[in-house]
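Below: my_file_1.pdb (PDB, C-alpha atoms and all ligand atoms)
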ATOM      1  CA  MET Y 466      -0.889  -3.346  24.671  1.00  0.00           C
ATOM      2  CA  SER Y 467      -4.220  -4.382  23.248  1.00  0.00           C
ATOM      3  CA  ASN Y 468      -7.304  -4.252  25.436  1.00  0.00           C
ATOM      4  CA  LYS Y 469      -9.992  -6.962  25.602  1.00  0.00           C
ATOM      5  CA  ASP Y 470     -12.530  -4.326  24.592  1.00  0.00           C
ATOM      6  CA  ASP Y 471     -10.657  -3.666  21.300  1.00  0.00           C
ATOM      7  CA  ILE Y 472     -12.375  -4.492  18.012  1.00  0.00           C
ATOM      8  CA  ARG Y 473     -11.115  -6.691  15.188  1.00  0.00           C
ATOM      9  CA  ARG Y 474     -10.101  -4.867  12.001  1.00  0.00           C
ATOM     10  CA  TYR Y 475      -8.068  -7.541  10.163  1.00  0.00           C
ATOM     11  CA  LYS Y 476      -8.139 -11.343  10.156  1.00  0.00           C
ATOM     12  CA  ASP Y 477      -4.853 -13.239  10.733  1.00  0.00           C
ATOM     13  CA  GLY Y 478      -4.633 -14.239   7.047  1.00  0.00           C
ATOM     14  CA  GLU Y 479      -5.057 -10.614   5.938  1.00  0.00           C
ATOM     15  CA  ARG Y 480      -2.256  -9.450   8.227  1.00  0.00           C
ATOM     16  CA  LEU Y 481       0.094 -12.236   7.159  1.00  0.00           C
ATOM     17  CA  HIS Y 482      -0.628 -11.413   3.528  1.00  0.00           C
ATOM     18  CA  HIS Y 483      -0.023  -7.681   4.104  1.00  0.00           C
ATOM     19  CA  TRP Y 484       3.384  -8.366   5.676  1.00  0.00           C
ATOM     20  CA  ILE Y 485       4.416 -10.645   2.786  1.00  0.00           C
ATOM     21  CA  VAL Y 486       3.631  -7.719   0.457  1.00  0.00           C
ATOM     22  CA  ALA Y 487       5.535  -5.279   2.690  1.00  0.00           C
ATOM     23  CA  ILE Y 488       8.649  -7.523   2.847  1.00  0.00           C
ATOM     24  CA  THR Y 489       8.719  -8.157  -0.921  1.00  0.00           C
ATOM     25  CA  PHE Y 490       8.256  -4.405  -1.453  1.00  0.00           C
ATOM     26  CA  ILE Y 491      11.297  -3.598   0.710  1.00  0.00           C
ATOM     27  CA  LEU Y 492      13.400  -6.276  -1.054  1.00  0.00           C
ATOM     28  CA  LEU Y 493      12.383  -4.875  -4.455  1.00  0.00           C
ATOM     29  CA  ALA Y 494      13.043  -1.267  -3.473  1.00  0.00           C
ATOM     30  CA  MET Y 495      16.542  -2.175  -2.217  1.00  0.00           C
ATOM     31  CA  SER Y 496      17.489  -4.389  -5.175  1.00  0.00           C
ATOM     32  CA  GLY Y 497      15.969  -1.906  -7.655  1.00  0.00           C
ATOM     33  CA  LEU Y 498      17.836   1.067  -6.139  1.00  0.00           C
ATOM     34  CA  ALA Y 499      21.063  -1.006  -6.190  1.00  0.00           C
ATOM     35  CA  LEU Y 500      20.675  -1.430  -9.973  1.00  0.00           C
ATOM     36  CA  PHE Y 501      19.499   2.167 -10.487  1.00  0.00           C
ATOM     37  CA  HIS Y 502      22.587   4.166  -9.507  1.00  0.00           C
ATOM     38  CA  PRO Y 503      26.276   3.270  -8.922  1.00  0.00           C
ATOM     39  CA  SER Y 504      26.271   5.086  -5.565  1.00  0.00           C
ATOM     40  CA  LEU Y 505      23.731   2.510  -4.319  1.00  0.00           C
ATOM     41  CA  TYR Y 506      25.496  -0.518  -5.812  1.00  0.00           C
ATOM     42  CA  TRP Y 507      26.667  -1.545  -2.314  1.00  0.00           C
ATOM     43  CA  LEU Y 508      23.099  -2.718  -1.655  1.00  0.00           C
ATOM     44  CA  THR Y 509      23.805  -5.680  -3.981  1.00  0.00           C
ATOM     45  CA  ASN Y 510      25.801  -7.204  -1.064  1.00  0.00           C
ATOM     46  CA  LEU Y 511      22.448  -7.978   0.564  1.00  0.00           C
ATOM     47  CA  PHE Y 512      21.445 -10.194  -2.377  1.00  0.00           C
ATOM     48  CA  GLY Y 513      24.712 -12.076  -2.993  1.00  0.00           C
ATOM     49  CA  GLY Y 514      26.367  -9.615  -5.405  1.00  0.00           C
ATOM     50  CA  GLY Y 515      25.489  -7.776  -8.641  1.00  0.00           C
ATOM     51  CA  GLN Y 516      24.572 -10.792 -10.764  1.00  0.00           C
ATOM     52  CA  TRP Y 517      22.289 -12.300  -8.146  1.00  0.00           C
ATOM     53  CA  THR Y 518      20.595  -8.948  -7.584  1.00  0.00           C
ATOM     54  CA  ARG Y 519      19.940  -8.676 -11.321  1.00  0.00           C
ATOM     55  CA  ILE Y 520      18.595 -12.247 -11.494  1.00  0.00           C
ATOM     56  CA  LEU Y 521      16.454 -12.097  -8.331  1.00  0.00           C
ATOM     57  CA  HIS Y 522      14.879  -8.620  -8.742  1.00  0.00           C
ATOM     58  CA  PRO Y 523      12.390  -9.521 -11.543  1.00  0.00           C
ATOM     59  CA  PHE Y 524      11.360 -12.800  -9.892  1.00  0.00           C
ATOM     60  CA  ILE Y 525      10.690 -11.077  -6.546  1.00  0.00           C
ATOM     61  CA  GLY Y 526       8.766  -8.520  -8.646  1.00  0.00           C
ATOM     62  CA  LEU Y 527       6.457 -11.248  -9.967  1.00  0.00           C
ATOM     63  CA  VAL Y 528       5.837 -12.507  -6.416  1.00  0.00           C
ATOM     64  CA  MET Y 529       5.011  -8.963  -5.293  1.00  0.00           C
ATOM     65  CA  PHE Y 530       2.716  -8.286  -8.269  1.00  0.00           C
ATOM     66  CA  VAL Y 531       0.666 -11.430  -7.641  1.00  0.00           C
ATOM     67  CA  SER Y 532       0.474 -10.895  -3.868  1.00  0.00           C
ATOM     68  CA  VAL Y 533      -0.409  -7.182  -4.194  1.00  0.00           C
ATOM     69  CA  MET Y 534      -3.174  -8.028  -6.683  1.00  0.00           C
ATOM     70  CA  VAL Y 535      -4.654 -10.654  -4.351  1.00  0.00           C
ATOM     71  CA  LEU Y 536      -4.420  -8.120  -1.462  1.00  0.00           C
ATOM     72  CA  MET Y 537      -6.174  -5.543  -3.633  1.00  0.00           C
ATOM     73  CA  VAL Y 538      -8.958  -8.023  -4.447  1.00  0.00           C
ATOM     74  CA  ARG Y 539      -9.437  -8.577  -0.693  1.00  0.00           C
ATOM     75  CA  PHE Y 540      -9.953  -4.838  -0.099  1.00  0.00           C
ATOM     76  CA  TRP Y 541     -11.329  -3.306  -3.322  1.00  0.00           C
ATOM     77  CA  ARG Y 542     -14.919  -3.047  -2.098  1.00  0.00           C
ATOM     78  CA  HIS Y 543     -13.890  -0.812   0.814  1.00  0.00           C
ATOM     79  CA  ASN Y 544     -11.884   1.472  -1.474  1.00  0.00           C
ATOM     80  CA  LEU Y 545     -14.637   2.499  -3.881  1.00  0.00           C
ATOM     81  CA  VAL Y 546     -14.750   6.295  -4.123  1.00  0.00           C
ATOM     82  CA  ASN Y 547     -17.909   8.224  -3.115  1.00  0.00           C
ATOM     83  CA  ARG Y 548     -19.054  11.868  -2.843  1.00  0.00           C
ATOM     84  CA  ASP Y 549     -17.935  12.215   0.792  1.00  0.00           C
ATOM     85  CA  ASP Y 550     -14.377  11.367  -0.269  1.00  0.00           C
ATOM     86  CA  LEU Y 551     -14.241  14.587  -2.340  1.00  0.00           C
ATOM     87  CA  ARG Y 552     -15.419  16.582   0.696  1.00  0.00           C
ATOM     88  CA  TRP Y 553     -12.842  14.784   2.845  1.00  0.00           C
ATOM     89  CA  ILE Y 554     -10.066  15.899   0.462  1.00  0.00           C
ATOM     90  CA  ARG Y 555     -11.369  19.503   0.565  1.00  0.00           C
ATOM     91  CA  TYR Y 556     -11.215  19.591   4.386  1.00  0.00           C
ATOM     92  CA  LEU Y 557      -7.948  17.669   4.698  1.00  0.00           C
ATOM     93  CA  PRO Y 558      -5.875  20.814   5.470  1.00  0.00           C
ATOM     94  CA  ASP Y 559      -8.149  21.376   8.517  1.00  0.00           C
ATOM     95  CA  ALA Y 560      -7.601  17.795   9.674  1.00  0.00           C
ATOM     96  CA  LEU Y 561      -3.838  18.218   9.365  1.00  0.00           C
ATOM     97  CA  HIS Y 562      -4.147  21.120  11.814  1.00  0.00           C
ATOM     98  CA  LYS Y 563      -5.991  18.871  14.273  1.00  0.00           C
ATOM     99  CA  ARG Y 564      -9.414  20.347  13.339  1.00  0.00           C
ATOM    100  CA  GLU Y 565     -11.098  17.137  12.301  1.00  0.00           C
ATOM    101  CA  GLY Y 566     -14.640  18.356  13.083  1.00  0.00           C
ATOM    102  CA  ARG Y 567     -15.355  19.507   9.493  1.00  0.00           C
ATOM    103  CA  LEU Y 568     -14.431  16.190   7.894  1.00  0.00           C
ATOM    104  CA  PRO Y 569     -17.388  14.094   6.704  1.00  0.00           C
ATOM    105  CA  PRO Y 570     -17.789  10.854   8.710  1.00  0.00           C
ATOM    106  CA  VAL Y 571     -15.459   8.179   7.328  1.00  0.00           C
ATOM    107  CA  GLY Y 572     -16.277   4.526   6.633  1.00  0.00           C
ATOM    108  CA  ARG Y 573     -13.724   1.714   6.681  1.00  0.00           C
ATOM    109  CA  TYR Y 574     -11.118   3.798   4.777  1.00  0.00           C
ATOM    110  CA  ASN Y 575     -10.722   7.543   4.248  1.00  0.00           C
ATOM    111  CA  ALA Y 576     -10.120   9.263   0.895  1.00  0.00           C
ATOM    112  CA  GLY Y 577      -6.349   9.469   1.546  1.00  0.00           C
ATOM    113  CA  GLN Y 578      -6.168   5.701   2.017  1.00  0.00           C
ATOM    114  CA  LYS Y 579      -8.235   5.209  -1.138  1.00  0.00           C
ATOM    115  CA  ILE Y 580      -5.863   7.437  -3.148  1.00  0.00           C
ATOM    116  CA  ILE Y 581      -2.934   5.360  -1.868  1.00  0.00           C
ATOM    117  CA  TYR Y 582      -4.787   2.154  -2.745  1.00  0.00           C
ATOM    118  CA  TRP Y 583      -5.565   3.145  -6.364  1.00  0.00           C
ATOM    119  CA  SER Y 584      -2.125   4.705  -6.996  1.00  0.00           C
ATOM    120  CA  THR Y 585      -0.588   1.412  -5.839  1.00  0.00           C
ATOM    121  CA  VAL Y 586      -2.770  -0.535  -8.293  1.00  0.00           C
ATOM    122  CA  ILE Y 587      -1.743   1.770 -11.190  1.00  0.00           C
ATOM    123  CA  GLY Y 588       1.932   1.730 -10.133  1.00  0.00           C
ATOM    124  CA  MET Y 589       1.940  -2.087  -9.961  1.00  0.00           C
ATOM    125  CA  PHE Y 590       0.580  -2.489 -13.504  1.00  0.00           C
ATOM    126  CA  LEU Y 591       3.070   0.046 -14.900  1.00  0.00           C
ATOM    127  CA  LEU Y 592       5.918  -1.785 -13.147  1.00  0.00           C
ATOM    128  CA  LEU Y 593       4.761  -5.191 -14.371  1.00  0.00           C
ATOM    129  CA  PHE Y 594       4.363  -4.266 -18.055  1.00  0.00           C
ATOM    130  CA  SER Y 595       7.532  -2.149 -18.245  1.00  0.00           C
ATOM    131  CA  GLY Y 596       9.474  -4.788 -16.272  1.00  0.00           C
ATOM    132  CA  LEU Y 597       8.405  -7.599 -18.598  1.00  0.00           C
ATOM    133  CA  ILE Y 598       9.358  -5.596 -21.718  1.00  0.00           C
ATOM    134  CA  MET Y 599      12.866  -4.849 -20.386  1.00  0.00           C
ATOM    135  CA  TRP Y 600      13.501  -8.344 -18.890  1.00  0.00           C
ATOM    136  CA  GLN Y 601      16.720  -9.782 -20.367  1.00  0.00           C
ATOM    137  CA  PRO Y 602      17.259 -12.429 -21.694  1.00  0.00           C
ATOM    138  CA  TYR Y 603      13.627 -13.605 -21.825  1.00  0.00           C
ATOM    139  CA  PHE Y 604      11.398 -10.899 -23.294  1.00  0.00           C
ATOM    140  CA  ALA Y 605      13.472  -7.811 -24.194  1.00  0.00           C
ATOM    141  CA  PRO Y 606      14.924  -9.342 -27.438  1.00  0.00           C
ATOM    142  CA  VAL Y 607      11.361  -9.702 -28.778  1.00  0.00           C
ATOM    143  CA  PHE Y 608      10.630  -5.947 -28.576  1.00  0.00           C
ATOM    144  CA  PRO Y 609      12.079  -3.044 -30.653  1.00  0.00           C
ATOM    145  CA  ILE Y 610      14.963  -1.307 -28.848  1.00  0.00           C
ATOM    146  CA  GLY Y 611      13.029   2.023 -28.749  1.00  0.00           C
ATOM    147  CA  LEU Y 612      10.200   0.369 -26.807  1.00  0.00           C
ATOM    148  CA  VAL Y 613      12.658  -1.307 -24.410  1.00  0.00           C
ATOM    149  CA  ARG Y 614      14.285   2.092 -23.711  1.00  0.00           C
ATOM    150  CA  PHE Y 615      10.858   3.658 -23.103  1.00  0.00           C
ATOM    151  CA  ALA Y 616       9.973   0.757 -20.773  1.00  0.00           C
ATOM    152  CA  ILE Y 617      13.158   1.401 -18.751  1.00  0.00           C
ATOM    153  CA  LEU Y 618      12.065   5.022 -18.281  1.00  0.00           C
ATOM    154  CA  VAL Y 619       8.499   4.038 -17.306  1.00  0.00           C
ATOM    155  CA  HIS Y 620       9.891   1.422 -14.880  1.00  0.00           C
ATOM    156  CA  ALA Y 621      12.104   3.962 -13.102  1.00  0.00           C
ATOM    157  CA  PHE Y 622       9.347   6.611 -12.890  1.00  0.00           C
ATOM    158  CA  SER Y 623       6.689   4.201 -11.651  1.00  0.00           C
ATOM    159  CA  ALA Y 624       9.097   2.689  -9.095  1.00  0.00           C
ATOM    160  CA  ILE Y 625       9.831   6.173  -7.708  1.00  0.00           C
ATOM    161  CA  LEU Y 626       6.097   6.996  -7.644  1.00  0.00           C
ATOM    162  CA  LEU Y 627       5.310   3.737  -5.830  1.00  0.00           C
ATOM    163  CA  MET Y 628       8.117   4.243  -3.294  1.00  0.00           C
ATOM    164  CA  MET Y 629       6.789   7.746  -2.534  1.00  0.00           C
ATOM    165  CA  VAL Y 630       3.241   6.404  -2.184  1.00  0.00           C
ATOM    166  CA  ILE Y 631       4.364   3.619   0.185  1.00  0.00           C
ATOM    167  CA  ILE Y 632       6.497   6.039   2.241  1.00  0.00           C
ATOM    168  CA  LEU Y 633       3.316   8.130   2.618  1.00  0.00           C
ATOM    169  CA  HIS Y 634       1.368   4.971   3.583  1.00  0.00           C
ATOM    170  CA  ILE Y 635       3.949   4.102   6.278  1.00  0.00           C
ATOM    171  CA  TYR Y 636       4.094   7.725   7.473  1.00  0.00           C
ATOM    172  CA  ALA Y 637       0.278   7.843   7.814  1.00  0.00           C
ATOM    173  CA  ALA Y 638       0.298   4.471   9.629  1.00  0.00           C
ATOM    174  CA  ILE Y 639       2.745   5.896  12.203  1.00  0.00           C
ATOM    175  CA  TRP Y 640       1.243   9.411  12.326  1.00  0.00           C
ATOM    176  CA  VAL Y 641      -2.338   8.276  13.043  1.00  0.00           C
ATOM    177  CA  LYS Y 642      -1.689   6.778  16.481  1.00  0.00           C
ATOM    178  CA  GLY Y 643      -3.226   3.342  17.017  1.00  0.00           C
ATOM    179  CA  SER Y 644      -3.185   2.343  13.296  1.00  0.00           C
ATOM    180  CA  LEU Y 645      -0.093   0.131  13.501  1.00  0.00           C
ATOM    181  CA  GLN Y 646      -1.881  -2.024  16.076  1.00  0.00           C
ATOM    182  CA  ALA Y 647      -4.361  -2.915  13.286  1.00  0.00           C
ATOM    183  CA  MET Y 648      -1.609  -4.499  11.211  1.00  0.00           C
ATOM    184  CA  VAL Y 649       0.393  -5.924  14.131  1.00  0.00           C
ATOM    185  CA  LYS Y 650      -2.380  -7.381  16.281  1.00  0.00           C
ATOM    186  CA  GLY Y 651      -5.375  -7.152  13.966  1.00  0.00           C
ATOM    187  CA  THR Y 652      -7.338  -5.022  16.454  1.00  0.00           C
ATOM    188  CA  VAL Y 653      -7.991  -1.311  17.091  1.00  0.00           C
ATOM    189  CA  SER Y 654      -9.279   0.536  20.134  1.00  0.00           C
ATOM    190  CA  ARG Y 655     -12.879   1.715  20.191  1.00  0.00           C
ATOM    191  CA  THR Y 656     -11.656   5.307  20.634  1.00  0.00           C
ATOM    192  CA  TRP Y 657      -9.537   4.984  17.453  1.00  0.00           C
ATOM    193  CA  ALA Y 658     -12.433   3.535  15.463  1.00  0.00           C
ATOM    194  CA  LYS Y 659     -14.917   6.184  16.691  1.00  0.00           C
ATOM    195  CA  LYS Y 660     -12.483   9.013  15.957  1.00  0.00           C
ATOM    196  CA  HIS Y 661     -11.106   7.982  12.559  1.00  0.00           C
ATOM    197  CA  HIS Y 662     -13.722   5.661  11.027  1.00  0.00           C
ATOM    198  CA  PRO Y 663     -17.091   6.439  12.721  1.00  0.00           C
ATOM    199  CA  LEU Y 664     -19.285   4.888   9.980  1.00  0.00           C
ATOM    200  CA  TRP Y 665     -17.274   1.663  10.083  1.00  0.00           C
ATOM    201  CA  TYR Y 666     -17.479   1.710  13.915  1.00  0.00           C
ATOM    202  CA  ARG Y 667     -21.274   2.009  13.686  1.00  0.00           C
ATOM    203  CA  GLU Y 668     -21.420  -0.995  11.303  1.00  0.00           C
ATOM    204  CA  VAL Y 669     -19.240  -3.090  13.646  1.00  0.00           C
ATOM    205  CA  THR Y 670     -21.252  -2.242  16.753  1.00  0.00           C
ATOM    206  CA  GLN Y 671     -24.528  -2.987  14.922  1.00  0.00           C
ATOM    207  CA  GLU Y 672     -23.108  -6.422  14.011  1.00  0.00           C
ATOM    208  CA  GLU Y 673     -22.109  -6.966  17.671  1.00  0.00           C
ATOM    209  CA  ARG Y 674     -25.649  -6.228  18.855  1.00  0.00           C
ATOM    210  CA  LYS Y 675     -27.217  -8.811  16.518  1.00  0.00           C
TER     211      LYS Y 675
HETATM  212  C1  LIG V   1       6.615  -1.484   6.275  1.00  0.00           C
HETATM  213  C2  LIG V   1       5.665  -1.103   5.461  1.00  0.00           C
HETATM  214  C3  LIG V   1       4.199  -0.957   5.760  1.00  0.00           C
HETATM  215  C4  LIG V   1       3.543  -0.552   6.924  1.00  0.00           C
HETATM  216  C5  LIG V   1       4.170  -0.109   8.238  1.00  0.00           C
HETATM  217  C6  LIG V   1       2.123  -0.624   6.664  1.00  0.00           C
HETATM  218  C7  LIG V   1       1.111  -0.338   7.576  1.00  0.00           C
HETATM  219  C8  LIG V   1      -0.242  -0.520   7.377  1.00  0.00           C
HETATM  220  C9  LIG V   1      -1.290  -0.311   8.352  1.00  0.00           C
HETATM  221  C10 LIG V   1      -1.079   0.157   9.785  1.00  0.00           C
HETATM  222  C11 LIG V   1      -2.484  -0.600   7.773  1.00  0.00           C
HETATM  223  C12 LIG V   1      -3.884  -0.521   8.438  1.00  0.00           C
HETATM  224  C13 LIG V   1      -4.546   0.791   8.116  1.00  0.00           C
HETATM  225  C14 LIG V   1      -6.019   0.822   8.573  1.00  0.00           C
HETATM  226  O1  LIG V   1      -6.595  -0.224   8.830  1.00  0.00           O
HETATM  227  O2  LIG V   1      -6.599   1.917   8.628  1.00  0.00           O
HETATM  228  C15 LIG V   1      -2.211  -0.993   6.415  1.00  0.00           C
HETATM  229  C16 LIG V   1      -3.181  -1.365   5.495  1.00  0.00           C
HETATM  230  C17 LIG V   1      -2.924  -1.657   4.170  1.00  0.00           C
HETATM  231  N1  LIG V   1      -1.686  -1.679   3.553  1.00  0.00           N
HETATM  232 FE1  LIG V   1       0.128  -1.375   4.456  1.00  0.00          FE
HETATM  233  N2  LIG V   1       1.937  -1.043   5.374  1.00  0.00           N
HETATM  234  C18 LIG V   1       3.177  -1.249   4.780  1.00  0.00           C
HETATM  235  C19 LIG V   1       3.431  -1.650   3.476  1.00  0.00           C
HETATM  236  C20 LIG V   1       2.471  -1.843   2.509  1.00  0.00           C
HETATM  237  C21 LIG V   1       2.734  -2.118   1.106  1.00  0.00           C
HETATM  238  C22 LIG V   1       4.143  -2.236   0.515  1.00  0.00           C
HETATM  239  C23 LIG V   1       1.526  -2.217   0.482  1.00  0.00           C
HETATM  240  C24 LIG V   1       1.181  -2.460  -0.972  1.00  0.00           C
HETATM  241  C25 LIG V   1       2.044  -2.412  -1.962  1.00  0.00           C
HETATM  242  C26 LIG V   1       0.493  -2.036   1.495  1.00  0.00           C
HETATM  243  C27 LIG V   1      -0.876  -2.095   1.243  1.00  0.00           C
HETATM  244  C28 LIG V   1      -1.860  -1.981   2.206  1.00  0.00           C
HETATM  245  C29 LIG V   1      -3.293  -2.156   1.948  1.00  0.00           C
HETATM  246  C30 LIG V   1      -3.941  -2.480   0.579  1.00  0.00           C
HETATM  247  C31 LIG V   1      -3.943  -1.970   3.178  1.00  0.00           C
HETATM  248  C32 LIG V   1      -5.472  -2.028   3.455  1.00  0.00           C
HETATM  249  C33 LIG V   1      -5.960  -0.607   3.430  1.00  0.00           C
HETATM  250  C34 LIG V   1      -6.597  -0.198   2.140  1.00  0.00           C
HETATM  251  O3  LIG V   1      -7.181  -1.045   1.435  1.00  0.00           O
HETATM  252  O4  LIG V   1      -6.515   1.020   1.819  1.00  0.00           O
HETATM  253  N3  LIG V   1       1.097  -1.801   2.704  1.00  0.00           N
HETATM  254  N4  LIG V   1      -0.846  -0.944   6.189  1.00  0.00           N
END
Re-express the file's structure as structure tokens.
Amino acid sequence: MSNKDDIRRYKDGERLHHWIVAITFILLAMSGLALFHPSLYWLTNLFGGGQWTRILHPFIGLVMFVSVMVLMVRFWRHNLVNRDDLRWIRYLPDALHKREGRLPPVGRYNAGQKIIYWSTVIGMFLLLFSGLIMWQPYFAPVFPIGLVRFAILVHAFSAILLMMVIILHIYAAIWVKGSLQAMVKGTVSRTWAKKHHPLWYREVTQEERK
């Protein structure tokens, strides 16, 4: 339940956009895994069979690439790395043991969120370039077979990296209580903001006083 005293963290458009990215990501992970190993081929039933899975996967990939990039443009300013982020990483083991006192005060996003953000950007570019090179029948025939084989390897590795990164993102969203509310309702409690993002909380309250 959100409280009327809660503060706004995301606009409606930002949340809608985030969930479009999340849904395309899940569709891509399932269709990609279906094509990756025979034991997961049953997942093709969700997309209308093997041929449809093969046809749809790269097109959904293009939709995800464009929407992730636009999402990244919305948030890049808040994910720039600073000195305090390095200190935050050093004291992370303390925070994991519920001793958050030694962590430097965090702004809108902490260093962990920034690492997830930049790994997603890198993963998305690797997936796009490798995916285009291996895309039959449109682009693959243009490239030497050695490069296409290398692209297939890069595609599989970057997909696994991205899935691990997003699993971590979802785990953190559930583990840090009160975060999911930010992406479901767009608001967070004042206690959450003060505890996890005190510098951002200060900025918001200064704005409120104006
Ligand atoms: C079901 C899957 C997902 C869940 C449950 C989830 C949950 C969340 C939550 C709770 C936040 C707010 C965190 C905060 O404000 O501190 C958030 C922010 C964000 N999420 Fe997700 N997310 C999911 C999938 C994705 C995917 C697939 C991507 C990108 C490929 C993504 C990219 C982002 C970005 C860029 C932000 C803004 C934070 C930042 O810039 O670091 N999310 N997500």
Wanna dump the region 569-599 of chain Y-region 474-496 of chain Y contacts at 12 Å for me, each residue with its shortest atom pair and the distance in Å to one decimal, counting all atoms listed in the file, ordered by chain and number, as CSV?
residue,atom,partner,partner_atom,distance
Y:Arg573,CA,Y:Arg474,CA,9.2
Y:Tyr574,CA,Y:Arg474,CA,11.3
Y:Thr585,CA,Y:Phe490,CA,11.5
Y:Met589,CA,Y:Phe490,CA,10.8
Y:Leu592,CA,Y:Leu493,CA,11.3
(message) At a cut-off of 7 Å and counting all atoms listed in the file, what residues surround ligand LIG 1 (chain V)? Please answer as a list in words.
(response)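 Checked against 7 Å with all atoms listed in the file; the hits are Arg474, His483, Val486, Ala487, Phe490, Val533, Leu536, Met537, Phe540, Trp541, His543, Asn544, Tyr574, Gln578, Lys579, Ile581, Tyr582, Thr585, Ile631, His634, Ile635, Ala638, Ser644, Leu645, Gln646, Ala647 and Met648 of chain Y.
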Selection file, C-alpha atoms, as a PDB file, keeping the file's coordinate frame:
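Result file is again_27.pdb:
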ATOM      1  CA  ARG Y 474     -10.101  -4.867  12.001  1.00  0.00           C
ATOM      2  CA  HIS Y 483      -0.023  -7.681   4.104  1.00  0.00           C
ATOM      3  CA  VAL Y 486       3.631  -7.719   0.457  1.00  0.00           C
ATOM      4  CA  ALA Y 487       5.535  -5.279   2.690  1.00  0.00           C
ATOM      5  CA  PHE Y 490       8.256  -4.405  -1.453  1.00  0.00           C
ATOM      6  CA  VAL Y 533      -0.409  -7.182  -4.194  1.00  0.00           C
ATOM      7  CA  LEU Y 536      -4.420  -8.120  -1.462  1.00  0.00           C
ATOM      8  CA  MET Y 537      -6.174  -5.543  -3.633  1.00  0.00           C
ATOM      9  CA  PHE Y 540      -9.953  -4.838  -0.099  1.00  0.00           C
ATOM     10  CA  TRP Y 541     -11.329  -3.306  -3.322  1.00  0.00           C
ATOM     11  CA  HIS Y 543     -13.890  -0.812   0.814  1.00  0.00           C
ATOM     12  CA  ASN Y 544     -11.884   1.472  -1.474  1.00  0.00           C
ATOM     13  CA  TYR Y 574     -11.118   3.798   4.777  1.00  0.00           C
ATOM     14  CA  GLN Y 578      -6.168   5.701   2.017  1.00  0.00           C
ATOM     15  CA  LYS Y 579      -8.235   5.209  -1.138  1.00  0.00           C
ATOM     16  CA  ILE Y 581      -2.934   5.360  -1.868  1.00  0.00           C
ATOM     17  CA  TYR Y 582      -4.787   2.154  -2.745  1.00  0.00           C
ATOM     18  CA  THR Y 585      -0.588   1.412  -5.839  1.00  0.00           C
ATOM     19  CA  ILE Y 631       4.364   3.619   0.185  1.00  0.00           C
ATOM     20  CA  HIS Y 634       1.368   4.971   3.583  1.00  0.00           C
ATOM     21  CA  ILE Y 635       3.949   4.102   6.278  1.00  0.00           C
ATOM     22  CA  ALA Y 638       0.298   4.471   9.629  1.00  0.00           C
ATOM     23  CA  SER Y 644      -3.185   2.343  13.296  1.00  0.00           C
ATOM     24  CA  LEU Y 645      -0.093   0.131  13.501  1.00  0.00           C
ATOM     25  CA  GLN Y 646      -1.881  -2.024  16.076  1.00  0.00           C
ATOM     26  CA  ALA Y 647      -4.361  -2.915  13.286  1.00  0.00           C
ATOM     27  CA  MET Y 648      -1.609  -4.499  11.211  1.00  0.00           C
TER      28      MET Y 648
END
(request) Find the residues around Tyr556 (chain Y) up to 10 Å (only C-alpha atoms counted), leave out those fewer than 5 positions away in its own chain, and share them as a ChimeraX atom specification. (result) /Y:550-551,561,564-569
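The two atoms in question, CA of Ser654 (chain Y) and CA of Lys469 (chain Y), are spaced 9.3 Å apart.
The interatomic distance for the pair CA of Val669 (chain Y) and CA of Gly572 (chain Y) works out to 10.8 Å.
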(request) Rounded to one decimal place, report the CA of Ala624 (chain Y)-CA of Gly643 (chain Y) distance in Å. (result)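 Separation of CA of Ala624 (chain Y) and CA of Gly643 (chain Y): 28.9 Å.
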(message) Ranking Y:Arg473, Y:Arg548, Y:His522, Y:Arg667 by minimum distance to Gly497 (chain Y) and counting all atoms listed in the file, which one comes first?
(response)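 Selected residue with least distance to Gly497 (chain Y): Y:His522.
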Taking all listed atoms of region 579-596 of chain Y, build the axis-aligned box, pad each of the six sides by 8 Å, then write its centre and edge lengths in Å to one decimal as JSON.
{"center_x": 0.6, "center_y": 1.1, "center_z": -9.7, "size_x": 33.7, "size_y": 28.6, "size_z": 33.1}
(message) Within 7 Å of (-17.6, 6.4, 5.9) in the file's own coordinates, which protein, DNA or RNA residues have an atom, counting only C-alpha atoms? List them as a ChimeraX atom specification.
(response) /Y:570-573,662-665
Expected selection from the PyMOL selection byres (((chain Y and resi 512) around 12) and not hetatm), given as a compact mmCIF listing (two decimals) with C-alpha atoms, in the coordinates of the input:
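Listed below is the output, part-v3.txt:
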# COMPACT_ATOMS: atom_id res chain seq x y z
CA LEU Y 492 13.40 -6.28 -1.05
CA LEU Y 493 12.38 -4.88 -4.46
CA MET Y 495 16.54 -2.17 -2.22
CA SER Y 496 17.49 -4.39 -5.18
CA GLY Y 497 15.97 -1.91 -7.66
CA ALA Y 499 21.06 -1.01 -6.19
CA LEU Y 500 20.68 -1.43 -9.97
CA TYR Y 506 25.50 -0.52 -5.81
CA TRP Y 507 26.67 -1.54 -2.31
CA LEU Y 508 23.10 -2.72 -1.66
CA THR Y 509 23.80 -5.68 -3.98
CA ASN Y 510 25.80 -7.20 -1.06
CA LEU Y 511 22.45 -7.98 0.56
CA GLY Y 513 24.71 -12.08 -2.99
CA GLY Y 514 26.37 -9.62 -5.40
CA GLY Y 515 25.49 -7.78 -8.64
CA GLN Y 516 24.57 -10.79 -10.76
CA TRP Y 517 22.29 -12.30 -8.15
CA THR Y 518 20.60 -8.95 -7.58
CA ARG Y 519 19.94 -8.68 -11.32
CA ILE Y 520 18.60 -12.25 -11.49
CA LEU Y 521 16.45 -12.10 -8.33
CA HIS Y 522 14.88 -8.62 -8.74
CA ILE Y 525 10.69 -11.08 -6.55
(request) Name the residues that the PyMOL selection byres (((chain Y and resi 601) around 12) and not hetatm) pulls out of this structure, and write them as a list of chain:residue names. (result)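 Residues picked by the PyMOL selection byres (((chain Y and resi 601) around 12) and not hetatm): Y:Arg519, Y:Ile520, Y:His522, Y:Pro523, Y:Gly596, Y:Leu597, Y:Ile598, Y:Met599, Y:Trp600, Y:Pro602, Y:Tyr603, Y:Phe604, Y:Ala605, Y:Pro606, Y:Val607, Y:Phe608, Y:Val613, Y:Ile617.
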